[in-house]
>>> print(open('input00.csv').read())   # CSV, C-alpha atoms
chain,number,residue,atom,x,y,z
A,1,MET,CA,-44.1,125.1,155.0
A,2,SER,CA,-40.3,125.0,154.5
A,3,LEU,CA,-40.3,121.2,154.8
A,4,THR,CA,-43.1,121.0,152.2
A,5,ARG,CA,-41.1,123.3,149.9
A,6,GLY,CA,-38.0,121.2,150.4
A,7,LEU,CA,-39.8,118.0,149.5
A,8,SER,CA,-41.3,119.7,146.5
A,9,ARG,CA,-37.9,120.7,145.2
A,10,ILE,CA,-36.6,117.2,145.6
A,11,VAL,CA,-39.6,115.8,143.8
A,12,TRP,CA,-39.1,118.3,140.9
A,13,ALA,CA,-35.4,117.7,140.7
A,14,THR,CA,-35.9,113.9,140.7
A,15,ALA,CA,-38.5,114.3,137.9
A,16,LEU,CA,-36.2,116.5,135.8
A,17,GLY,CA,-33.2,114.2,136.3
A,18,ALA,CA,-35.4,111.1,135.4
A,19,ALA,CA,-36.6,112.9,132.2
A,20,GLY,CA,-33.0,113.6,131.3
A,21,ALA,CA,-32.0,110.0,131.9
A,22,ALA,CA,-35.0,108.8,129.9
A,23,ILE,CA,-34.0,110.9,126.9
A,24,GLY,CA,-30.5,109.5,127.0
A,25,HIS,CA,-31.7,105.9,127.4
A,26,ALA,CA,-34.0,106.3,124.4
A,27,ALA,CA,-31.3,107.8,122.2
A,28,LEU,CA,-28.6,105.3,123.2
A,29,ARG,CA,-30.6,102.1,123.8
A,30,THR,CA,-33.6,102.1,121.4
A,31,GLU,CA,-33.6,102.0,117.7
A,32,ASP,CA,-36.4,104.6,117.3
A,33,GLY,CA,-34.8,106.9,119.7
A,34,ARG,CA,-31.4,106.6,118.0
A,35,GLU,CA,-32.9,107.2,114.6
A,36,LEU,CA,-34.8,110.3,115.8
A,37,ASP,CA,-31.7,111.7,117.5
A,38,GLU,CA,-29.6,111.3,114.3
A,39,ASN,CA,-32.3,112.8,112.1
A,40,LEU,CA,-32.6,115.8,114.3
A,41,PHE,CA,-28.9,116.2,114.4
A,42,LYS,CA,-28.7,116.1,110.6
A,43,ALA,CA,-31.3,118.9,110.4
A,44,LEU,CA,-29.7,121.1,113.0
A,45,ASN,CA,-26.1,120.5,111.8
A,46,ALA,CA,-27.0,121.2,108.2
A,47,GLU,CA,-25.8,124.4,106.4
A,48,HIS,CA,-27.9,127.3,107.5
A,49,GLY,CA,-25.7,130.2,106.3
A,50,GLU,CA,-22.6,131.9,107.5
A,51,MET,CA,-24.4,134.3,109.8
A,52,VAL,CA,-26.1,131.4,111.7
A,53,ASP,CA,-22.7,129.6,112.0
A,54,ARG,CA,-21.1,132.7,113.4
A,55,PHE,CA,-23.9,133.3,115.9
A,56,PHE,CA,-23.7,129.8,117.2
A,57,ALA,CA,-19.9,129.8,117.3
A,58,GLY,CA,-19.9,133.0,119.3
A,59,ILE,CA,-22.6,132.0,121.8
A,60,THR,CA,-21.5,128.4,122.5
A,61,GLU,CA,-18.6,129.5,124.7
A,62,LEU,CA,-21.0,131.1,127.2
A,63,GLY,CA,-21.6,127.5,128.4
A,64,PRO,CA,-18.5,126.1,130.0
A,65,LEU,CA,-17.4,126.6,133.6
A,66,PRO,CA,-14.8,129.4,132.9
A,67,ALA,CA,-17.7,131.4,131.5
A,68,ALA,CA,-19.7,130.9,134.6
A,69,ALA,CA,-16.7,132.0,136.7
A,70,ALA,CA,-16.5,135.2,134.6
A,71,ALA,CA,-20.2,135.8,135.1
A,72,ALA,CA,-19.8,135.3,138.8
A,73,GLY,CA,-17.0,137.9,138.7
A,74,ALA,CA,-19.2,140.3,136.9
A,75,LEU,CA,-21.9,139.9,139.5
A,76,ALA,CA,-19.4,140.5,142.2
A,77,ARG,CA,-18.4,143.8,140.6
A,78,ALA,CA,-22.1,144.7,140.2
A,79,GLY,CA,-22.7,144.3,143.9
A,80,GLY,CA,-23.8,140.7,144.1
A,81,PRO,CA,-20.7,138.7,145.2
A,82,ARG,CA,-22.7,136.2,147.3
A,83,GLU,CA,-25.2,135.5,144.6
A,84,GLY,CA,-22.4,135.0,142.1
A,85,VAL,CA,-20.5,132.6,144.3
A,86,ARG,CA,-23.6,130.5,145.0
A,87,ALA,CA,-24.5,130.3,141.3
A,88,LEU,CA,-20.9,129.4,140.4
A,89,ALA,CA,-20.8,126.7,143.1
A,90,GLY,CA,-24.0,125.2,141.7
A,91,ALA,CA,-22.5,125.3,138.2
A,92,GLY,CA,-19.3,123.6,139.5
A,93,ALA,CA,-21.3,120.8,141.1
A,94,THR,CA,-23.2,120.3,137.8
A,95,TRP,CA,-19.9,120.1,135.9
A,96,LEU,CA,-18.5,117.5,138.3
A,97,LEU,CA,-21.7,115.4,138.1
A,98,LEU,CA,-21.8,115.4,134.3
A,99,GLN,CA,-18.1,114.6,133.9
A,100,GLY,CA,-18.6,111.5,136.0
A,101,THR,CA,-21.6,110.6,134.0
A,102,LYS,CA,-19.8,111.1,130.7
A,103,ARG,CA,-17.1,108.6,131.7
A,104,LEU,CA,-19.7,106.0,132.6
A,105,VAL,CA,-21.7,106.4,129.4
A,106,ASP,CA,-18.8,107.0,127.0
A,107,ARG,CA,-20.9,108.0,124.0
A,108,PRO,CA,-18.8,109.0,120.9
A,109,ARG,CA,-19.3,112.6,119.6
A,110,PRO,CA,-21.1,112.9,116.3
A,111,PHE,CA,-18.0,114.0,114.4
A,112,LEU,CA,-16.2,110.8,115.5
A,113,ALA,CA,-19.2,108.5,115.0
A,114,ASN,CA,-19.8,109.9,111.5
A,115,PRO,CA,-16.9,112.1,110.3
A,116,GLU,CA,-18.1,112.3,106.7
A,117,GLY,CA,-21.7,113.3,107.7
A,118,THR,CA,-20.9,115.9,110.3
A,119,ARG,CA,-20.0,119.6,110.0
A,120,ARG,CA,-17.7,120.2,112.9
A,121,MET,CA,-17.4,124.0,113.1
A,122,ILE,CA,-15.2,124.5,116.2
A,123,ALA,CA,-12.1,122.9,117.7
A,124,GLU,CA,-12.5,119.3,118.8
A,125,PRO,CA,-13.7,119.4,122.4
A,126,HIS,CA,-12.5,117.0,125.1
A,127,GLY,CA,-14.7,114.3,126.7
A,128,THR,CA,-17.5,112.2,125.4
A,129,SER,CA,-20.9,113.2,124.1
A,130,TRP,CA,-23.7,112.4,126.5
A,131,PRO,CA,-24.8,114.4,128.4
A,132,SER,CA,-23.7,117.9,127.2
A,133,SER,CA,-22.1,119.9,130.0
A,134,HIS,CA,-22.2,123.3,128.4
A,135,PRO,CA,-26.0,123.8,128.6
A,136,ALA,CA,-26.1,122.0,132.0
A,137,VAL,CA,-23.5,124.3,133.6
A,138,LEU,CA,-25.1,127.4,132.1
A,139,THR,CA,-28.6,126.4,133.1
A,140,THR,CA,-27.6,125.7,136.7
A,141,PHE,CA,-25.8,129.1,136.9
A,142,THR,CA,-28.6,131.1,135.4
A,143,ARG,CA,-31.3,129.4,137.4
A,144,VAL,CA,-29.5,129.8,140.7
A,145,ALA,CA,-28.4,133.4,140.0
A,146,ALA,CA,-31.9,134.4,138.9
A,147,ARG,CA,-33.4,133.0,142.1
A,148,GLU,CA,-30.8,134.6,144.4
A,149,LEU,CA,-31.1,137.9,142.7
A,150,GLY,CA,-34.9,137.8,142.6
A,151,ILE,CA,-35.1,138.2,138.8
A,152,GLY,CA,-38.7,138.3,137.6
A,153,VAL,CA,-40.5,136.2,135.0
A,154,LEU,CA,-39.3,138.2,132.0
A,155,GLY,CA,-35.7,138.0,133.1
A,156,ARG,CA,-35.9,134.3,133.7
A,157,THR,CA,-37.5,133.7,130.4
A,158,ALA,CA,-34.7,135.6,128.7
A,159,LEU,CA,-32.1,133.5,130.5
A,160,THR,CA,-34.0,130.3,129.5
A,161,GLY,CA,-33.7,131.5,125.9
A,162,LEU,CA,-30.0,131.9,126.4
A,163,ASP,CA,-29.7,128.4,127.9
A,164,ALA,CA,-31.6,126.9,124.9
A,165,SER,CA,-29.5,128.9,122.4
A,166,VAL,CA,-26.2,127.5,123.8
A,167,ALA,CA,-27.8,124.0,123.8
A,168,ALA,CA,-28.7,124.4,120.1
A,169,SER,CA,-25.3,125.7,119.3
A,170,ARG,CA,-23.6,122.5,120.4
A,171,VAL,CA,-25.7,120.5,117.9
A,172,ALA,CA,-25.4,123.1,115.1
A,173,LEU,CA,-21.7,123.1,115.4
A,174,GLY,CA,-21.4,119.4,115.2
A,175,VAL,CA,-20.1,118.5,118.7
A,176,HIS,CA,-23.3,117.0,120.3
A,177,TYR,CA,-26.5,115.2,119.5
A,178,PRO,CA,-29.9,116.7,120.4
A,179,SER,CA,-30.4,114.2,123.1
A,180,ASP,CA,-27.1,115.2,124.7
A,181,VAL,CA,-28.1,118.8,125.1
A,182,ALA,CA,-31.7,118.1,126.1
A,183,SER,CA,-30.5,115.9,128.9
A,184,GLY,CA,-27.9,118.5,129.9
A,185,LEU,CA,-30.6,121.2,130.1
A,186,LEU,CA,-32.7,118.9,132.4
A,187,PHE,CA,-29.8,117.9,134.6
A,188,GLY,CA,-28.8,121.5,135.0
A,189,ARG,CA,-32.3,122.5,136.1
A,190,ALA,CA,-32.4,119.5,138.5
A,191,VAL,CA,-29.3,120.6,140.3
A,192,ALA,CA,-30.5,124.2,140.4
A,193,ARG,CA,-33.8,123.0,142.0
A,194,VAL,CA,-32.1,121.4,145.0
A,195,TRP,CA,-29.1,123.8,145.3
A,196,PRO,CA,-29.3,125.3,148.8
A,197,ARG,CA,-31.0,128.7,149.0
A,198,ALA,CA,-29.6,131.7,150.8
A,199,ARG,CA,-30.9,132.2,154.3
A,200,THR,CA,-31.5,135.9,153.8
A,201,ARG,CA,-32.1,138.2,150.9
>>> encode(input="input00.csv", output="structure tokens")
Amino acid sequence: MSLTRGLSRIVWATALGAAGAAIGHAALRTEDGRELDENLFKALNAEHGEMVDRFFAGITELGPLPAAAAAAGALARAGGPREGVRALAGAGATWLLLQGTKRLVDRPRPFLANPEGTRRMIAEPHGTSWPSSHPAVLTTFTRVAARELGIGVLGRTALTGLDASVAASRVALGVHYPSDVASGLLFGRAVARVWPRARTR
């Protein structure tokens, strides 16, 4: 049974990673995909009010690796040090994977590709655009932590909403295209699927 489960996780991770790569390929290499990506970006990056801008500016910093380290520390203080370390390690692996991918793809961020047509609402981030590491890192952390802690369906659904909100914030704030964050979410889930499980609860 364990071998079957292991193969199933690999298949799921491969499918998730392939879907993330397919989204990136469509947005970067096809005319229709690029047009759709730019139109979605314009809609999400448009003015939606000061309250919305503040919400996204506040939530976006839950995505990077230092935030995952802080969350792991909070889990340790709450009595789950092993779970926090495992989730942080998975998030770190995701970050490394995506930093390498960014260098290979080298997609300009929207505020550089179209400065006049982009509302950049936060400080200029480092690195290139595809894929987005914020939602990827957060997704790996939340999925691994939820699994290790035995969080139920409602808790996992809430965490998925958090992952999606951080992904949306990167587009709304003008630092990523929708395809960047969609691929990031899928890559984060792919890593979480194959990240080693704890031997005992």
>>> atom_distance(input="input00.csv", atom1="atom CA of Arg54 of chain A", atom2="atom CA of Ser169 of chain A")
10.1 Å
>>> residues_near_point(input="input00.csv", point="(-24.4, 128.7, 111.6)", cutoff="9 Å", atoms="only C-alpha atoms", output="list in words")
Asn45, Ala46, Glu47, His48, Gly49, Glu50, Met51, Val52, Asp53, Arg54, Phe55, Phe56, Ala57, Met121, Ser169, Ala172 and Leu173 of chain A
>>> closest_atom_pairs(input="input00.csv", of="segment 111-147 of chain A", to="segment 23-31 of chain A", cutoff="12 Å", atoms="only C-alpha atoms", output="Markdown table")
| residue | atom | partner | partner_atom | distance |
| --- | --- | --- | --- | --- |
| A:Ser129 | CA | A:Gly24 | CA | 10.7 |
| A:Trp130 | CA | A:Gly24 | CA | 7.4 |
| A:Pro131 | CA | A:Gly24 | CA | 7.6 |
| A:Ser132 | CA | A:Gly24 | CA | 10.8 |
>>> residues_around(input="input00.csv", residues="Asp163 of chain A", least_positions_apart="5", cutoff="10 Å", atoms="all atoms listed in the file", output="list in words")
Thr60, Leu62, Gly63, His134, Pro135, Ala136, Val137, Leu138, Thr139, Thr140, Phe141, Thr142, Arg143, Thr157, Ala158, Ala168, Leu185 and Gly188 of chain A
>>> residues_around(input="input00.csv", residues="Gly6 of chain A", least_positions_apart="4", cutoff="12 Å", atoms="all atoms listed in the file", output="count of residues only")
11
>>> closest_residue(input="input00.csv", among="A:Gly150, A:Gly33, A:Pro64, A:Gly17", to="His126 of chain A", atoms="only C-alpha atoms")
A:Pro64
>>> build_atoms(input="input00.csv", residues="segment 85-111 of chain A", atoms="N, CA, C and O atoms", output="mmCIF file, in the coordinates of the input")
data_model
loop_
_atom_site.group_PDB
_atom_site.id
_atom_site.type_symbol
_atom_site.label_atom_id
_atom_site.label_comp_id
_atom_site.auth_asym_id
_atom_site.auth_seq_id
_atom_site.Cartn_x
_atom_site.Cartn_y
_atom_site.Cartn_z
ATOM 1 N N VAL A 85 -21.213 133.753 143.782
ATOM 2 C CA VAL A 85 -20.500 132.600 144.300
ATOM 3 C C VAL A 85 -21.446 131.391 144.438
ATOM 4 O O VAL A 85 -21.076 130.263 144.107
ATOM 5 N N ARG A 86 -22.682 131.626 144.871
ATOM 6 C CA ARG A 86 -23.600 130.500 145.000
ATOM 7 C C ARG A 86 -23.964 129.926 143.641
ATOM 8 O O ARG A 86 -24.051 128.696 143.493
ATOM 9 N N ALA A 87 -24.155 130.793 142.650
ATOM 10 C CA ALA A 87 -24.500 130.300 141.300
ATOM 11 C C ALA A 87 -23.264 129.542 140.731
ATOM 12 O O ALA A 87 -23.431 128.496 140.093
ATOM 13 N N LEU A 88 -22.056 130.042 140.953
ATOM 14 C CA LEU A 88 -20.900 129.400 140.400
ATOM 15 C C LEU A 88 -20.652 128.027 141.130
ATOM 16 O O LEU A 88 -20.258 127.054 140.481
ATOM 17 N N ALA A 89 -20.922 127.964 142.423
ATOM 18 C CA ALA A 89 -20.800 126.700 143.100
ATOM 19 C C ALA A 89 -21.758 125.648 142.575
ATOM 20 O O ALA A 89 -21.408 124.481 142.391
ATOM 21 N N GLY A 90 -22.990 126.072 142.297
ATOM 22 C CA GLY A 90 -24.000 125.200 141.700
ATOM 23 C C GLY A 90 -23.514 124.695 140.324
ATOM 24 O O GLY A 90 -23.633 123.509 139.983
ATOM 25 N N ALA A 91 -22.997 125.626 139.528
ATOM 26 C CA ALA A 91 -22.500 125.300 138.200
ATOM 27 C C ALA A 91 -21.332 124.302 138.290
ATOM 28 O O ALA A 91 -21.230 123.354 137.498
ATOM 29 N N GLY A 92 -20.450 124.511 139.273
ATOM 30 C CA GLY A 92 -19.300 123.600 139.500
ATOM 31 C C GLY A 92 -19.770 122.206 139.842
ATOM 32 O O GLY A 92 -19.220 121.206 139.355
ATOM 33 N N ALA A 93 -20.782 122.129 140.702
ATOM 34 C CA ALA A 93 -21.300 120.800 141.100
ATOM 35 C C ALA A 93 -21.912 120.103 139.879
ATOM 36 O O ALA A 93 -21.750 118.886 139.709
ATOM 37 N N THR A 94 -22.605 120.850 139.042
ATOM 38 C CA THR A 94 -23.200 120.300 137.800
ATOM 39 C C THR A 94 -22.077 119.742 136.912
ATOM 40 O O THR A 94 -22.185 118.642 136.358
ATOM 41 N N TRP A 95 -21.023 120.521 136.743
ATOM 42 C CA TRP A 95 -19.900 120.100 135.900
ATOM 43 C C TRP A 95 -19.308 118.789 136.393
ATOM 44 O O TRP A 95 -19.062 117.860 135.610
ATOM 45 N N LEU A 96 -19.076 118.695 137.691
ATOM 46 C CA LEU A 96 -18.500 117.500 138.300
ATOM 47 C C LEU A 96 -19.427 116.277 138.053
ATOM 48 O O LEU A 96 -18.983 115.173 137.694
ATOM 49 N N LEU A 97 -20.712 116.495 138.280
ATOM 50 C CA LEU A 97 -21.700 115.400 138.100
ATOM 51 C C LEU A 97 -21.697 114.900 136.672
ATOM 52 O O LEU A 97 -21.675 113.687 136.424
ATOM 53 N N LEU A 98 -21.670 115.819 135.721
ATOM 54 C CA LEU A 98 -21.800 115.400 134.300
ATOM 55 C C LEU A 98 -20.452 114.795 133.820
ATOM 56 O O LEU A 98 -20.473 113.899 132.970
ATOM 57 N N GLN A 99 -19.318 115.257 134.336
ATOM 58 C CA GLN A 99 -18.100 114.600 133.900
ATOM 59 C C GLN A 99 -18.004 113.179 134.347
ATOM 60 O O GLN A 99 -17.533 112.317 133.596
ATOM 61 N N GLY A 100 -18.501 112.888 135.540
ATOM 62 C CA GLY A 100 -18.600 111.500 136.000
ATOM 63 C C GLY A 100 -19.519 110.677 135.134
ATOM 64 O O GLY A 100 -19.228 109.526 134.773
ATOM 65 N N THR A 101 -20.658 111.273 134.789
ATOM 66 C CA THR A 101 -21.600 110.600 134.000
ATOM 67 C C THR A 101 -21.083 110.300 132.564
ATOM 68 O O THR A 101 -21.300 109.221 131.998
ATOM 69 N N LYS A 102 -20.365 111.260 132.003
ATOM 70 C CA LYS A 102 -19.800 111.100 130.700
ATOM 71 C C LYS A 102 -18.841 109.864 130.661
ATOM 72 O O LYS A 102 -18.841 109.084 129.688
ATOM 73 N N ARG A 103 -18.068 109.706 131.704
ATOM 74 C CA ARG A 103 -17.100 108.600 131.700
ATOM 75 C C ARG A 103 -17.844 107.249 131.832
ATOM 76 O O ARG A 103 -17.364 106.239 131.301
ATOM 77 N N LEU A 104 -18.978 107.233 132.500
ATOM 78 C CA LEU A 104 -19.700 106.000 132.600
ATOM 79 C C LEU A 104 -20.418 105.623 131.307
ATOM 80 O O LEU A 104 -20.482 104.452 130.935
ATOM 81 N N VAL A 105 -20.939 106.620 130.598
ATOM 82 C CA VAL A 105 -21.700 106.400 129.400
ATOM 83 C C VAL A 105 -20.790 106.193 128.166
ATOM 84 O O VAL A 105 -20.977 105.289 127.347
ATOM 85 N N ASP A 106 -19.808 107.085 128.030
ATOM 86 C CA ASP A 106 -18.800 107.000 127.000
ATOM 87 C C ASP A 106 -19.393 106.968 125.570
ATOM 88 O O ASP A 106 -19.067 106.105 124.750
ATOM 89 N N ARG A 107 -20.272 107.921 125.287
ATOM 90 C CA ARG A 107 -20.900 108.000 124.000
ATOM 91 C C ARG A 107 -19.935 108.809 123.029
ATOM 92 O O ARG A 107 -19.537 109.924 123.357
ATOM 93 N N PRO A 108 -19.617 108.279 121.844
ATOM 94 C CA PRO A 108 -18.800 109.000 120.900
ATOM 95 C C PRO A 108 -19.489 110.296 120.412
ATOM 96 O O PRO A 108 -20.698 110.295 120.216
ATOM 97 N N ARG A 109 -18.735 111.349 120.198
ATOM 98 C CA ARG A 109 -19.300 112.600 119.600
ATOM 99 C C ARG A 109 -19.670 112.333 118.167
ATOM 100 O O ARG A 109 -19.081 111.467 117.509
ATOM 101 N N PRO A 110 -20.614 113.118 117.649
ATOM 102 C CA PRO A 110 -21.100 112.900 116.300
ATOM 103 C C PRO A 110 -19.984 112.964 115.223
ATOM 104 O O PRO A 110 -19.987 112.202 114.244
ATOM 105 N N PHE A 111 -19.026 113.871 115.391
ATOM 106 C CA PHE A 111 -18.000 114.000 114.400
ATOM 107 C C PHE A 111 -16.998 112.825 114.420
ATOM 108 O O PHE A 111 -16.219 112.632 113.470
#
